[in-house]
Each structure stands twice: as C-alpha cells, then as structure tokens.
file structure-v5.cif (mmCIF, N, CA and C atoms)
data_coords
#
loop_
_atom_site.group_PDB
_atom_site.id
_atom_site.type_symbol
_atom_site.label_atom_id
_atom_site.label_comp_id
_atom_site.auth_asym_id
_atom_site.auth_seq_id
_atom_site.Cartn_x
_atom_site.Cartn_y
_atom_site.Cartn_z
ATOM 1 N N MET A 1 23.757 -24.899 -68.579
ATOM 2 C CA MET A 1 24.341 -25.267 -67.297
ATOM 3 C C MET A 1 25.806 -25.664 -67.472
ATOM 4 N N PHE A 2 26.105 -26.444 -68.499
ATOM 5 C CA PHE A 2 27.474 -26.869 -68.769
ATOM 6 C C PHE A 2 28.371 -25.661 -69.043
ATOM 7 N N LEU A 3 27.851 -24.675 -69.768
ATOM 8 C CA LEU A 3 28.606 -23.456 -70.083
ATOM 9 C C LEU A 3 28.941 -22.683 -68.810
ATOM 10 N N ILE A 4 28.021 -22.611 -67.887
ATOM 11 C CA ILE A 4 28.256 -21.920 -66.616
ATOM 12 C C ILE A 4 29.367 -22.625 -65.840
ATOM 13 N N LEU A 5 29.347 -23.934 -65.828
ATOM 14 C CA LEU A 5 30.380 -24.701 -65.137
ATOM 15 C C LEU A 5 31.755 -24.443 -65.747
ATOM 16 N N ILE A 6 31.841 -24.412 -67.057
ATOM 17 C CA ILE A 6 33.115 -24.133 -67.724
ATOM 18 C C ILE A 6 33.609 -22.734 -67.377
ATOM 19 N N VAL A 7 32.720 -21.766 -67.375
ATOM 20 C CA VAL A 7 33.102 -20.390 -67.036
ATOM 21 C C VAL A 7 33.595 -20.328 -65.594
ATOM 22 N N LEU A 8 32.885 -20.963 -64.694
ATOM 23 C CA LEU A 8 33.296 -20.948 -63.286
ATOM 24 C C LEU A 8 34.642 -21.632 -63.090
ATOM 25 N N LEU A 9 34.878 -22.714 -63.780
ATOM 26 C CA LEU A 9 36.148 -23.419 -63.645
ATOM 27 C C LEU A 9 37.307 -22.646 -64.251
ATOM 28 N N SER A 10 37.020 -21.756 -65.171
ATOM 29 C CA SER A 10 38.088 -20.988 -65.801
ATOM 30 C C SER A 10 38.456 -19.730 -65.012
ATOM 31 N N LEU A 11 37.657 -19.374 -64.026
ATOM 32 C CA LEU A 11 37.954 -18.199 -63.215
ATOM 33 C C LEU A 11 39.120 -18.498 -62.288
ATOM 34 N N PRO A 12 39.934 -17.470 -61.988
ATOM 35 C CA PRO A 12 41.043 -17.703 -61.054
ATOM 36 C C PRO A 12 40.520 -18.076 -59.677
ATOM 37 N N VAL A 13 41.238 -18.947 -59.026
ATOM 38 C CA VAL A 13 40.872 -19.355 -57.675
ATOM 39 C C VAL A 13 41.217 -18.219 -56.726
ATOM 40 N N MET A 14 40.254 -17.846 -55.902
ATOM 41 C CA MET A 14 40.474 -16.767 -54.945
ATOM 42 C C MET A 14 40.818 -17.354 -53.596
ATOM 43 N N ASP A 15 41.844 -16.828 -52.989
ATOM 44 C CA ASP A 15 42.236 -17.268 -51.655
ATOM 45 C C ASP A 15 41.520 -16.381 -50.653
ATOM 46 N N VAL A 16 40.459 -16.903 -50.060
ATOM 47 C CA VAL A 16 39.680 -16.089 -49.134
ATOM 48 C C VAL A 16 40.222 -16.171 -47.718
ATOM 49 N N VAL A 17 41.192 -17.047 -47.498
ATOM 50 C CA VAL A 17 41.729 -17.218 -46.156
ATOM 51 C C VAL A 17 42.868 -16.253 -45.893
ATOM 52 N N ALA A 18 43.793 -16.118 -46.835
ATOM 53 C CA ALA A 18 44.983 -15.313 -46.610
ATOM 54 C C ALA A 18 45.035 -14.156 -47.598
ATOM 55 N N ASP A 19 45.508 -13.023 -47.137
ATOM 56 C CA ASP A 19 45.737 -11.865 -47.988
ATOM 57 C C ASP A 19 47.157 -11.973 -48.519
ATOM 58 N N SER A 20 47.290 -12.138 -49.830
ATOM 59 C CA SER A 20 48.620 -12.364 -50.408
ATOM 60 C C SER A 20 49.499 -11.122 -50.362
ATOM 61 N N SER A 21 48.933 -9.974 -49.960
ATOM 62 C CA SER A 21 49.760 -8.775 -49.865
ATOM 63 C C SER A 21 50.424 -8.651 -48.492
ATOM 64 N N ILE A 22 50.147 -9.610 -47.619
ATOM 65 C CA ILE A 22 50.729 -9.613 -46.279
ATOM 66 C C ILE A 22 51.365 -10.981 -46.039
ATOM 67 N N PRO A 23 52.650 -11.005 -45.680
ATOM 68 C CA PRO A 23 53.272 -12.304 -45.387
ATOM 69 C C PRO A 23 52.573 -12.994 -44.210
ATOM 70 N N THR A 24 52.639 -14.308 -44.180
ATOM 71 C CA THR A 24 52.055 -15.060 -43.068
ATOM 72 C C THR A 24 52.736 -14.650 -41.761
ATOM 73 N N ALA A 25 52.097 -14.953 -40.661
ATOM 74 C CA ALA A 25 52.668 -14.611 -39.345
ATOM 75 C C ALA A 25 54.044 -15.251 -39.171
ATOM 76 N N LYS A 26 54.180 -16.492 -39.626
ATOM 77 C CA LYS A 26 55.481 -17.168 -39.525
ATOM 78 C C LYS A 26 56.530 -16.421 -40.336
ATOM 79 N N ARG A 27 56.166 -16.047 -41.563
ATOM 80 C CA ARG A 27 57.119 -15.336 -42.426
ATOM 81 C C ARG A 27 57.436 -13.963 -41.852
ATOM 82 N N GLN A 28 56.468 -13.291 -41.247
ATOM 83 C CA GLN A 28 56.723 -11.999 -40.614
ATOM 84 C C GLN A 28 57.789 -12.136 -39.541
ATOM 85 N N GLY A 29 57.716 -13.190 -38.750
ATOM 86 C CA GLY A 29 58.733 -13.435 -37.727
ATOM 87 C C GLY A 29 60.102 -13.642 -38.347
ATOM 88 N N GLU A 30 60.138 -14.386 -39.438
ATOM 89 C CA GLU A 30 61.406 -14.615 -40.138
ATOM 90 C C GLU A 30 61.959 -13.305 -40.708
ATOM 91 N N LEU A 31 61.071 -12.479 -41.242
ATOM 92 C CA LEU A 31 61.512 -11.200 -41.817
ATOM 93 C C LEU A 31 62.029 -10.260 -40.733
ATOM 94 N N LEU A 32 61.383 -10.253 -39.578
ATOM 95 C CA LEU A 32 61.873 -9.409 -38.475
ATOM 96 C C LEU A 32 63.222 -9.910 -37.976
ATOM 97 N N HIS A 33 63.407 -11.212 -37.952
ATOM 98 C CA HIS A 33 64.705 -11.771 -37.568
ATOM 99 C C HIS A 33 65.777 -11.327 -38.575
ATOM 100 N N LEU A 34 65.457 -11.428 -39.857
ATOM 101 C CA LEU A 34 66.373 -10.989 -40.904
ATOM 102 C C LEU A 34 66.695 -9.499 -40.740
ATOM 103 N N LEU A 35 65.679 -8.708 -40.470
ATOM 104 C CA LEU A 35 65.870 -7.271 -40.296
ATOM 105 C C LEU A 35 66.822 -6.979 -39.140
ATOM 106 N N ARG A 36 66.589 -7.627 -38.019
ATOM 107 C CA ARG A 36 67.414 -7.348 -36.841
ATOM 108 C C ARG A 36 68.842 -7.868 -36.987
ATOM 109 N N HIS A 37 69.009 -8.985 -37.667
ATOM 110 C CA HIS A 37 70.330 -9.602 -37.730
ATOM 111 C C HIS A 37 71.087 -9.288 -39.015
ATOM 112 N N ASP A 38 70.469 -9.522 -40.153
ATOM 113 C CA ASP A 38 71.172 -9.258 -41.415
ATOM 114 C C ASP A 38 71.288 -7.753 -41.660
ATOM 115 N N CYS A 39 70.169 -7.051 -41.599
ATOM 116 C CA CYS A 39 70.219 -5.593 -41.789
ATOM 117 C C CYS A 39 70.963 -4.943 -40.626
ATOM 118 N N GLY A 40 70.712 -5.487 -39.426
ATOM 119 C CA GLY A 40 71.344 -4.948 -38.228
ATOM 120 C C GLY A 40 72.854 -5.050 -38.237
ATOM 121 N N SER A 41 73.399 -5.973 -39.012
ATOM 122 C CA SER A 41 74.859 -6.089 -39.043
ATOM 123 C C SER A 41 75.507 -4.835 -39.638
ATOM 124 N N CYS A 42 74.801 -4.110 -40.471
ATOM 125 C CA CYS A 42 75.332 -2.844 -41.015
ATOM 126 C C CYS A 42 74.647 -1.616 -40.416
ATOM 127 N N HIS A 43 73.348 -1.753 -40.146
ATOM 128 C CA HIS A 43 72.573 -0.598 -39.682
ATOM 129 C C HIS A 43 72.489 -0.543 -38.166
ATOM 130 N N GLY A 44 73.214 -1.416 -37.487
ATOM 131 C CA GLY A 44 73.206 -1.466 -36.023
ATOM 132 C C GLY A 44 72.146 -2.434 -35.534
ATOM 133 N N MET A 45 72.478 -3.201 -34.531
ATOM 134 C CA MET A 45 71.553 -4.215 -34.020
ATOM 135 C C MET A 45 70.252 -3.615 -33.494
ATOM 136 N N THR A 46 70.277 -2.360 -33.102
ATOM 137 C CA THR A 46 69.043 -1.684 -32.692
ATOM 138 C C THR A 46 68.564 -0.733 -33.789
ATOM 139 N N LEU A 47 69.175 -0.858 -34.965
ATOM 140 C CA LEU A 47 68.828 -0.071 -36.155
ATOM 141 C C LEU A 47 69.072 1.426 -35.976
ATOM 142 N N GLN A 48 69.941 1.757 -35.032
ATOM 143 C CA GLN A 48 70.272 3.157 -34.763
ATOM 144 C C GLN A 48 71.379 3.677 -35.676
ATOM 145 N N GLY A 49 71.904 2.830 -36.527
ATOM 146 C CA GLY A 49 72.970 3.226 -37.444
ATOM 147 C C GLY A 49 74.268 2.520 -37.104
ATOM 148 N N GLY A 50 75.113 2.456 -38.074
ATOM 149 C CA GLY A 50 76.417 1.804 -37.950
ATOM 150 C C GLY A 50 77.167 2.097 -39.224
ATOM 151 N N LEU A 51 77.578 1.068 -39.938
ATOM 152 C CA LEU A 51 78.157 1.246 -41.261
ATOM 153 C C LEU A 51 77.126 1.906 -42.176
ATOM 154 N N GLY A 52 75.875 1.469 -42.054
ATOM 155 C CA GLY A 52 74.764 2.070 -42.804
ATOM 156 C C GLY A 52 73.994 3.033 -41.919
ATOM 157 N N PRO A 53 73.142 3.851 -42.522
ATOM 158 C CA PRO A 53 72.379 4.830 -41.738
ATOM 159 C C PRO A 53 71.345 4.167 -40.824
ATOM 160 N N ALA A 54 70.850 4.937 -39.874
ATOM 161 C CA ALA A 54 69.806 4.466 -38.962
ATOM 162 C C ALA A 54 68.548 4.114 -39.756
ATOM 163 N N LEU A 55 67.840 3.108 -39.278
ATOM 164 C CA LEU A 55 66.582 2.693 -39.894
ATOM 165 C C LEU A 55 65.417 2.889 -38.925
ATOM 166 N N THR A 56 65.536 3.875 -38.073
ATOM 167 C CA THR A 56 64.474 4.166 -37.118
ATOM 168 C C THR A 56 63.353 4.941 -37.800
ATOM 169 N N GLN A 57 62.216 4.951 -37.158
ATOM 170 C CA GLN A 57 61.063 5.690 -37.679
ATOM 171 C C GLN A 57 61.428 7.162 -37.878
ATOM 172 N N GLU A 58 62.156 7.717 -36.929
ATOM 173 C CA GLU A 58 62.547 9.125 -37.019
ATOM 174 C C GLU A 58 63.497 9.366 -38.195
ATOM 175 N N ALA A 59 64.455 8.471 -38.375
ATOM 176 C CA ALA A 59 65.433 8.624 -39.452
ATOM 177 C C ALA A 59 64.788 8.486 -40.825
ATOM 178 N N LEU A 60 63.721 7.693 -40.912
ATOM 179 C CA LEU A 60 63.073 7.453 -42.201
ATOM 180 C C LEU A 60 61.924 8.416 -42.483
ATOM 181 N N ALA A 61 61.558 9.216 -41.490
ATOM 182 C CA ALA A 61 60.451 10.162 -41.669
ATOM 183 C C ALA A 61 60.736 11.075 -42.862
ATOM 184 N N GLY A 62 59.744 11.238 -43.704
ATOM 185 C CA GLY A 62 59.877 12.116 -44.856
ATOM 186 C C GLY A 62 60.452 11.444 -46.098
ATOM 187 N N LYS A 63 60.945 10.220 -45.942
ATOM 188 C CA LYS A 63 61.470 9.508 -47.108
ATOM 189 C C LYS A 63 60.305 8.768 -47.771
ATOM 190 N N PRO A 64 60.168 8.890 -49.080
ATOM 191 C CA PRO A 64 59.056 8.202 -49.749
ATOM 192 C C PRO A 64 59.187 6.687 -49.644
ATOM 193 N N MET A 65 58.068 6.027 -49.451
ATOM 194 C CA MET A 65 58.058 4.573 -49.346
ATOM 195 C C MET A 65 58.679 3.945 -50.595
ATOM 196 N N GLU A 66 58.388 4.482 -51.761
ATOM 197 C CA GLU A 66 58.906 3.896 -53.000
ATOM 198 C C GLU A 66 60.434 3.965 -53.042
ATOM 199 N N TYR A 67 61.011 5.046 -52.524
ATOM 200 C CA TYR A 67 62.470 5.164 -52.466
ATOM 201 C C TYR A 67 63.052 4.084 -51.566
ATOM 202 N N LEU A 68 62.435 3.878 -50.403
ATOM 203 C CA LEU A 68 62.918 2.862 -49.471
ATOM 204 C C LEU A 68 62.747 1.463 -50.061
ATOM 205 N N TYR A 69 61.614 1.239 -50.704
ATOM 206 C CA TYR A 69 61.376 -0.045 -51.363
ATOM 207 C C TYR A 69 62.456 -0.330 -52.412
ATOM 208 N N LEU A 70 62.737 0.642 -53.263
ATOM 209 C CA LEU A 70 63.741 0.462 -54.314
ATOM 210 C C LEU A 70 65.135 0.273 -53.723
ATOM 211 N N THR A 71 65.412 0.941 -52.611
ATOM 212 C CA THR A 71 66.706 0.784 -51.941
ATOM 213 C C THR A 71 66.898 -0.647 -51.476
ATOM 214 N N VAL A 72 65.864 -1.214 -50.858
ATOM 215 C CA VAL A 72 65.961 -2.598 -50.387
ATOM 216 C C VAL A 72 66.013 -3.551 -51.584
ATOM 217 N N ARG A 73 65.148 -3.336 -52.547
ATOM 218 C CA ARG A 73 65.088 -4.247 -53.691
ATOM 219 C C ARG A 73 66.366 -4.233 -54.527
ATOM 220 N N ASP A 74 66.862 -3.028 -54.836
ATOM 221 C CA ASP A 74 67.967 -2.896 -55.783
ATOM 222 C C ASP A 74 69.314 -2.585 -55.139
ATOM 223 N N GLY A 75 69.326 -2.251 -53.848
ATOM 224 C CA GLY A 75 70.569 -1.862 -53.191
ATOM 225 C C GLY A 75 71.072 -0.532 -53.733
ATOM 226 N N HIS A 76 72.280 -0.171 -53.357
ATOM 227 C CA HIS A 76 72.931 1.039 -53.861
ATOM 228 C C HIS A 76 74.289 0.633 -54.425
ATOM 229 N N PRO A 77 74.439 0.726 -55.742
ATOM 230 C CA PRO A 77 75.725 0.360 -56.342
ATOM 231 C C PRO A 77 76.875 1.165 -55.733
ATOM 232 N N ASP A 78 78.021 0.563 -55.686
ATOM 233 C CA ASP A 78 79.243 1.182 -55.160
ATOM 234 C C ASP A 78 79.162 1.501 -53.670
ATOM 235 N N THR A 79 78.228 0.847 -52.976
ATOM 236 C CA THR A 79 78.136 0.960 -51.516
ATOM 237 C C THR A 79 77.976 -0.459 -50.968
ATOM 238 N N PRO A 80 78.085 -0.632 -49.657
ATOM 239 C CA PRO A 80 77.870 -1.972 -49.092
ATOM 240 C C PRO A 80 76.399 -2.432 -49.122
ATOM 241 N N MET A 81 75.457 -1.531 -49.496
ATOM 242 C CA MET A 81 74.031 -1.909 -49.496
ATOM 243 C C MET A 81 73.732 -2.842 -50.665
ATOM 244 N N PRO A 82 73.458 -4.140 -50.351
ATOM 245 C CA PRO A 82 73.210 -5.110 -51.424
ATOM 246 C C PRO A 82 71.753 -5.077 -51.879
ATOM 247 N N PRO A 83 71.493 -5.580 -53.068
ATOM 248 C CA PRO A 83 70.100 -5.755 -53.489
ATOM 249 C C PRO A 83 69.526 -7.014 -52.832
ATOM 250 N N TRP A 84 68.292 -6.934 -52.367
ATOM 251 C CA TRP A 84 67.645 -8.085 -51.741
ATOM 252 C C TRP A 84 66.679 -8.766 -52.708
ATOM 253 N N ARG A 85 66.544 -8.214 -53.922
ATOM 254 C CA ARG A 85 65.727 -8.846 -54.959
ATOM 255 C C ARG A 85 66.280 -10.253 -55.190
ATOM 256 N N GLY A 86 65.410 -11.199 -55.329
ATOM 257 C CA GLY A 86 65.844 -12.585 -55.494
ATOM 258 C C GLY A 86 65.831 -13.340 -54.177
ATOM 259 N N LEU A 87 66.046 -12.636 -53.084
ATOM 260 C CA LEU A 87 65.967 -13.260 -51.758
ATOM 261 C C LEU A 87 64.631 -12.948 -51.091
ATOM 262 N N LEU A 88 64.119 -11.749 -51.377
ATOM 263 C CA LEU A 88 62.821 -11.321 -50.846
ATOM 264 C C LEU A 88 61.931 -10.943 -52.022
ATOM 265 N N ASP A 89 60.649 -11.274 -51.921
ATOM 266 C CA ASP A 89 59.746 -10.874 -52.997
ATOM 267 C C ASP A 89 59.200 -9.466 -52.708
ATOM 268 N N ASP A 90 58.478 -8.921 -53.675
ATOM 269 C CA ASP A 90 57.978 -7.550 -53.546
ATOM 270 C C ASP A 90 57.093 -7.368 -52.323
ATOM 271 N N THR A 91 56.242 -8.344 -52.042
ATOM 272 C CA THR A 91 55.361 -8.268 -50.875
ATOM 273 C C THR A 91 56.174 -8.201 -49.586
ATOM 274 N N GLU A 92 57.194 -9.015 -49.490
ATOM 275 C CA GLU A 92 58.027 -9.034 -48.284
ATOM 276 C C GLU A 92 58.800 -7.733 -48.126
ATOM 277 N N ILE A 93 59.310 -7.201 -49.219
ATOM 278 C CA ILE A 93 60.049 -5.935 -49.150
ATOM 279 C C ILE A 93 59.125 -4.821 -48.721
ATOM 280 N N ARG A 94 57.945 -4.745 -49.313
ATOM 281 C CA ARG A 94 56.986 -3.687 -48.932
ATOM 282 C C ARG A 94 56.564 -3.834 -47.475
ATOM 283 N N TRP A 95 56.389 -5.067 -47.006
ATOM 284 C CA TRP A 95 56.017 -5.283 -45.620
ATOM 285 C C TRP A 95 57.135 -4.808 -44.685
ATOM 286 N N LEU A 96 58.378 -5.156 -45.016
ATOM 287 C CA LEU A 96 59.518 -4.712 -44.200
ATOM 288 C C LEU A 96 59.625 -3.193 -44.167
ATOM 289 N N VAL A 97 59.484 -2.558 -45.312
ATOM 290 C CA VAL A 97 59.567 -1.086 -45.372
ATOM 291 C C VAL A 97 58.458 -0.469 -44.526
ATOM 292 N N THR A 98 57.264 -1.032 -44.608
ATOM 293 C CA THR A 98 56.150 -0.526 -43.794
ATOM 294 C C THR A 98 56.472 -0.646 -42.311
ATOM 295 N N GLN A 99 57.036 -1.783 -41.911
ATOM 296 C CA GLN A 99 57.397 -1.967 -40.503
ATOM 297 C C GLN A 99 58.426 -0.933 -40.071
ATOM 298 N N LEU A 100 59.420 -0.690 -40.909
ATOM 299 C CA LEU A 100 60.447 0.305 -40.587
ATOM 300 C C LEU A 100 59.838 1.690 -40.455
ATOM 301 N N MET A 101 58.957 2.031 -41.371
ATOM 302 C CA MET A 101 58.343 3.371 -41.347
ATOM 303 C C MET A 101 57.444 3.553 -40.131
ATOM 304 N N GLN A 102 56.873 2.456 -39.635
ATOM 305 C CA GLN A 102 56.009 2.523 -38.453
ATOM 306 C C GLN A 102 56.809 2.408 -37.148
ATOM 307 N N GLY A 103 58.069 2.049 -37.276
ATOM 308 C CA GLY A 103 58.914 1.937 -36.098
ATOM 309 C C GLY A 103 58.971 0.520 -35.558
ATOM 310 N N VAL A 104 60.038 -0.183 -35.841
ATOM 311 C CA VAL A 104 60.218 -1.557 -35.358
ATOM 312 C C VAL A 104 60.643 -1.494 -33.896
ATOM 313 N N GLN A 105 59.940 -2.250 -33.076
ATOM 314 C CA GLN A 105 60.272 -2.301 -31.653
ATOM 315 C C GLN A 105 61.412 -3.293 -31.448
ATOM 316 N N ASN A 106 62.348 -2.927 -30.603
ATOM 317 C CA ASN A 106 63.419 -3.859 -30.273
ATOM 318 C C ASN A 106 62.907 -4.883 -29.291
ATOM 319 N N PRO A 107 63.353 -6.145 -29.451
ATOM 320 C CA PRO A 107 62.838 -7.217 -28.564
ATOM 321 C C PRO A 107 63.252 -7.009 -27.123
#
call {"tool": "encode", "arguments": {"input": "structure-v5.cif", "output": "structure tokens"}}
result
Amino acid sequence: MFLILIVLLSLPVMDVVADSSIPTAKRQGELLHLLRHDCGSCHGMTLQGGLGPALTQEALAGKPMEYLYLTVRDGHPDTPMPPWRGLLDDTEIRWLVTQLMQGVQNP
C-alpha cells in the first residue's frame, strides 16, 4: 500500500480543468487586443495590410501553419517584423495563428 502511494505521488499532476494548449478566455481577449493593436499598427487596424501584408483569412490561405508560427515567433530579419518569442509562448502563438487562419472578426 505504501509503495502505491509513493508511485501515485510521483506521477505528474494532471490539470483536468483547463487545457494547457488553449489560452484562458481572459488571455484570449488580451491576445486579440494585441493582435488588433500591436500587429494592426503594421498590418492595418483591420488586418487588411499596411506596412506589413494583410493578415486576413484570404491572404493567409495556402500558407502552412508552421511557416506562420515561425514568422510570429522569430520575425523576419532585415524587415520591420519583430520576433514575438519571449513575449508570447508557443501556445499563445499557435492560438493566434489559428485565429488568423480561421479569420479574425473585426469588433
């Protein structure tokens, strides 16, 4: 019985309430705000393009998710596109890319 208790205590704690691959609802709101304002400052407030290319569902169609993820994470050297690594974690970047690919609705 003691051995079973030790084994159970050594197992990783599972979070059955939240899926760690999806940001919380509060964080999703913050990420959408960042997308519209920080990204929007170069890609246009409606994401239709500006200094940077459009980030609409149509503009991103056919682009691999991994390419878009790496673009956000690492930026593009010698361009105004900064790396967001360090400010956003991998889960947040993937969530943002998914939202863009599905088409972000303007408020």
call {"tool": "atom_distance", "arguments": {"input": "structure-v5.cif", "atom1": "atom CA of Gln99 of chain A", "atom2": "atom CA of Gln57 of chain A"}}
result
8.9 Å
call {"tool": "residues_around", "arguments": {"input": "structure-v5.cif", "residues": "segment 80-89 of chain A", "least_positions_apart": "4", "cutoff": "8 Å", "atoms": "all atoms listed in the file", "output": "ChimeraX atom specification"}}
result
/A:51-52,70-76,93-95
call {"tool": "write_last_selection", "arguments": {"input": "structure-v5.cif", "atoms": "N, CA and C atoms", "output": "PDB file, keeping the file's coordinate frame"}}
result
ATOM      1  N   LEU A  51      77.578   1.068 -39.938  1.00  0.00           N
ATOM      2  CA  LEU A  51      78.157   1.246 -41.261  1.00  0.00           C
ATOM      3  C   LEU A  51      77.126   1.906 -42.176  1.00  0.00           C
ATOM      4  N   GLY A  52      75.875   1.469 -42.054  1.00  0.00           N
ATOM      5  CA  GLY A  52      74.764   2.070 -42.804  1.00  0.00           C
ATOM      6  C   GLY A  52      73.994   3.033 -41.919  1.00  0.00           C
ATOM      7  N   LEU A  70      62.737   0.642 -53.263  1.00  0.00           N
ATOM      8  CA  LEU A  70      63.741   0.462 -54.314  1.00  0.00           C
ATOM      9  C   LEU A  70      65.135   0.273 -53.723  1.00  0.00           C
ATOM     10  N   THR A  71      65.412   0.941 -52.611  1.00  0.00           N
ATOM     11  CA  THR A  71      66.706   0.784 -51.941  1.00  0.00           C
ATOM     12  C   THR A  71      66.898  -0.647 -51.476  1.00  0.00           C
ATOM     13  N   VAL A  72      65.864  -1.214 -50.858  1.00  0.00           N
ATOM     14  CA  VAL A  72      65.961  -2.598 -50.387  1.00  0.00           C
ATOM     15  C   VAL A  72      66.013  -3.551 -51.584  1.00  0.00           C
ATOM     16  N   ARG A  73      65.148  -3.336 -52.547  1.00  0.00           N
ATOM     17  CA  ARG A  73      65.088  -4.247 -53.691  1.00  0.00           C
ATOM     18  C   ARG A  73      66.366  -4.233 -54.527  1.00  0.00           C
ATOM     19  N   ASP A  74      66.862  -3.028 -54.836  1.00  0.00           N
ATOM     20  CA  ASP A  74      67.967  -2.896 -55.783  1.00  0.00           C
ATOM     21  C   ASP A  74      69.314  -2.585 -55.139  1.00  0.00           C
ATOM     22  N   GLY A  75      69.326  -2.251 -53.848  1.00  0.00           N
ATOM     23  CA  GLY A  75      70.569  -1.862 -53.191  1.00  0.00           C
ATOM     24  C   GLY A  75      71.072  -0.532 -53.733  1.00  0.00           C
ATOM     25  N   HIS A  76      72.280  -0.171 -53.357  1.00  0.00           N
ATOM     26  CA  HIS A  76      72.931   1.039 -53.861  1.00  0.00           C
ATOM     27  C   HIS A  76      74.289   0.633 -54.425  1.00  0.00           C
ATOM     28  N   ILE A  93      59.310  -7.201 -49.219  1.00  0.00           N
ATOM     29  CA  ILE A  93      60.049  -5.935 -49.150  1.00  0.00           C
ATOM     30  C   ILE A  93      59.125  -4.821 -48.721  1.00  0.00           C
ATOM     31  N   ARG A  94      57.945  -4.745 -49.313  1.00  0.00           N
ATOM     32  CA  ARG A  94      56.986  -3.687 -48.932  1.00  0.00           C
ATOM     33  C   ARG A  94      56.564  -3.834 -47.475  1.00  0.00           C
ATOM     34  N   TRP A  95      56.389  -5.067 -47.006  1.00  0.00           N
ATOM     35  CA  TRP A  95      56.017  -5.283 -45.620  1.00  0.00           C
ATOM     36  C   TRP A  95      57.135  -4.808 -44.685  1.00  0.00           C
TER      37      TRP A  95
END
call {"tool": "resolve_selection", "arguments": {"input": "structure-v5.cif", "expression": "the PyMOL selection byres (((chain A and resi 36 and name CA) around 12) and name CA)", "output": "CSV table (one decimal) with N, CA and C atoms, in the coordinates of the input"}}
result
chain,number,residue,atom,x,y,z
A,29,GLY,N,57.7,-13.2,-38.8
A,29,GLY,CA,58.7,-13.4,-37.7
A,29,GLY,C,60.1,-13.6,-38.3
A,30,GLU,N,60.1,-14.4,-39.4
A,30,GLU,CA,61.4,-14.6,-40.1
A,30,GLU,C,62.0,-13.3,-40.7
A,31,LEU,N,61.1,-12.5,-41.2
A,31,LEU,CA,61.5,-11.2,-41.8
A,31,LEU,C,62.0,-10.3,-40.7
A,32,LEU,N,61.4,-10.3,-39.6
A,32,LEU,CA,61.9,-9.4,-38.5
A,32,LEU,C,63.2,-9.9,-38.0
A,33,HIS,N,63.4,-11.2,-38.0
A,33,HIS,CA,64.7,-11.8,-37.6
A,33,HIS,C,65.8,-11.3,-38.6
A,34,LEU,N,65.5,-11.4,-39.9
A,34,LEU,CA,66.4,-11.0,-40.9
A,34,LEU,C,66.7,-9.5,-40.7
A,35,LEU,N,65.7,-8.7,-40.5
A,35,LEU,CA,65.9,-7.3,-40.3
A,35,LEU,C,66.8,-7.0,-39.1
A,37,HIS,N,69.0,-9.0,-37.7
A,37,HIS,CA,70.3,-9.6,-37.7
A,37,HIS,C,71.1,-9.3,-39.0
A,38,ASP,N,70.5,-9.5,-40.2
A,38,ASP,CA,71.2,-9.3,-41.4
A,38,ASP,C,71.3,-7.8,-41.7
A,39,CYS,N,70.2,-7.1,-41.6
A,39,CYS,CA,70.2,-5.6,-41.8
A,39,CYS,C,71.0,-4.9,-40.6
A,40,GLY,N,70.7,-5.5,-39.4
A,40,GLY,CA,71.3,-4.9,-38.2
A,40,GLY,C,72.9,-5.0,-38.2
A,41,SER,N,73.4,-6.0,-39.0
A,41,SER,CA,74.9,-6.1,-39.0
A,41,SER,C,75.5,-4.8,-39.6
A,42,CYS,N,74.8,-4.1,-40.5
A,42,CYS,CA,75.3,-2.8,-41.0
A,42,CYS,C,74.6,-1.6,-40.4
A,43,HIS,N,73.3,-1.8,-40.1
A,43,HIS,CA,72.6,-0.6,-39.7
A,43,HIS,C,72.5,-0.5,-38.2
A,44,GLY,N,73.2,-1.4,-37.5
A,44,GLY,CA,73.2,-1.5,-36.0
A,44,GLY,C,72.1,-2.4,-35.5
A,45,MET,N,72.5,-3.2,-34.5
A,45,MET,CA,71.6,-4.2,-34.0
A,45,MET,C,70.3,-3.6,-33.5
A,46,THR,N,70.3,-2.4,-33.1
A,46,THR,CA,69.0,-1.7,-32.7
A,46,THR,C,68.6,-0.7,-33.8
A,47,LEU,N,69.2,-0.9,-35.0
A,47,LEU,CA,68.8,-0.1,-36.2
A,47,LEU,C,69.1,1.4,-36.0
A,48,GLN,N,69.9,1.8,-35.0
A,48,GLN,CA,70.3,3.2,-34.8
A,48,GLN,C,71.4,3.7,-35.7
A,49,GLY,N,71.9,2.8,-36.5
A,49,GLY,CA,73.0,3.2,-37.4
A,49,GLY,C,74.3,2.5,-37.1
A,55,LEU,N,67.8,3.1,-39.3
A,55,LEU,CA,66.6,2.7,-39.9
A,55,LEU,C,65.4,2.9,-38.9
A,56,THR,N,65.5,3.9,-38.1
A,56,THR,CA,64.5,4.2,-37.1
A,56,THR,C,63.4,4.9,-37.8
A,96,LEU,N,58.4,-5.2,-45.0
A,96,LEU,CA,59.5,-4.7,-44.2
A,96,LEU,C,59.6,-3.2,-44.2
A,99,GLN,N,57.0,-1.8,-41.9
A,99,GLN,CA,57.4,-2.0,-40.5
A,99,GLN,C,58.4,-0.9,-40.1
A,100,LEU,N,59.4,-0.7,-40.9
A,100,LEU,CA,60.4,0.3,-40.6
A,100,LEU,C,59.8,1.7,-40.5
A,104,VAL,N,60.0,-0.2,-35.8
A,104,VAL,CA,60.2,-1.6,-35.4
A,104,VAL,C,60.6,-1.5,-33.9
A,105,GLN,N,59.9,-2.2,-33.1
A,105,GLN,CA,60.3,-2.3,-31.7
A,105,GLN,C,61.4,-3.3,-31.4
A,106,ASN,N,62.3,-2.9,-30.6
A,106,ASN,CA,63.4,-3.9,-30.3
A,106,ASN,C,62.9,-4.9,-29.3
A,107,PRO,N,63.4,-6.1,-29.5
A,107,PRO,CA,62.8,-7.2,-28.6
A,107,PRO,C,63.3,-7.0,-27.1
call {"tool": "atom_distance", "arguments": {"input": "structure-v5.cif", "atom1": "atom CA of Lys63 of chain A", "atom2": "atom CA of Lys26 of chain A"}}
result
28.4 Å
call {"tool": "atom_distance", "arguments": {"input": "structure-v5.cif", "atom1": "atom C of Ala59 of chain A", "atom2": "atom CA of Glu92 of chain A"}}
result
20.2 Å
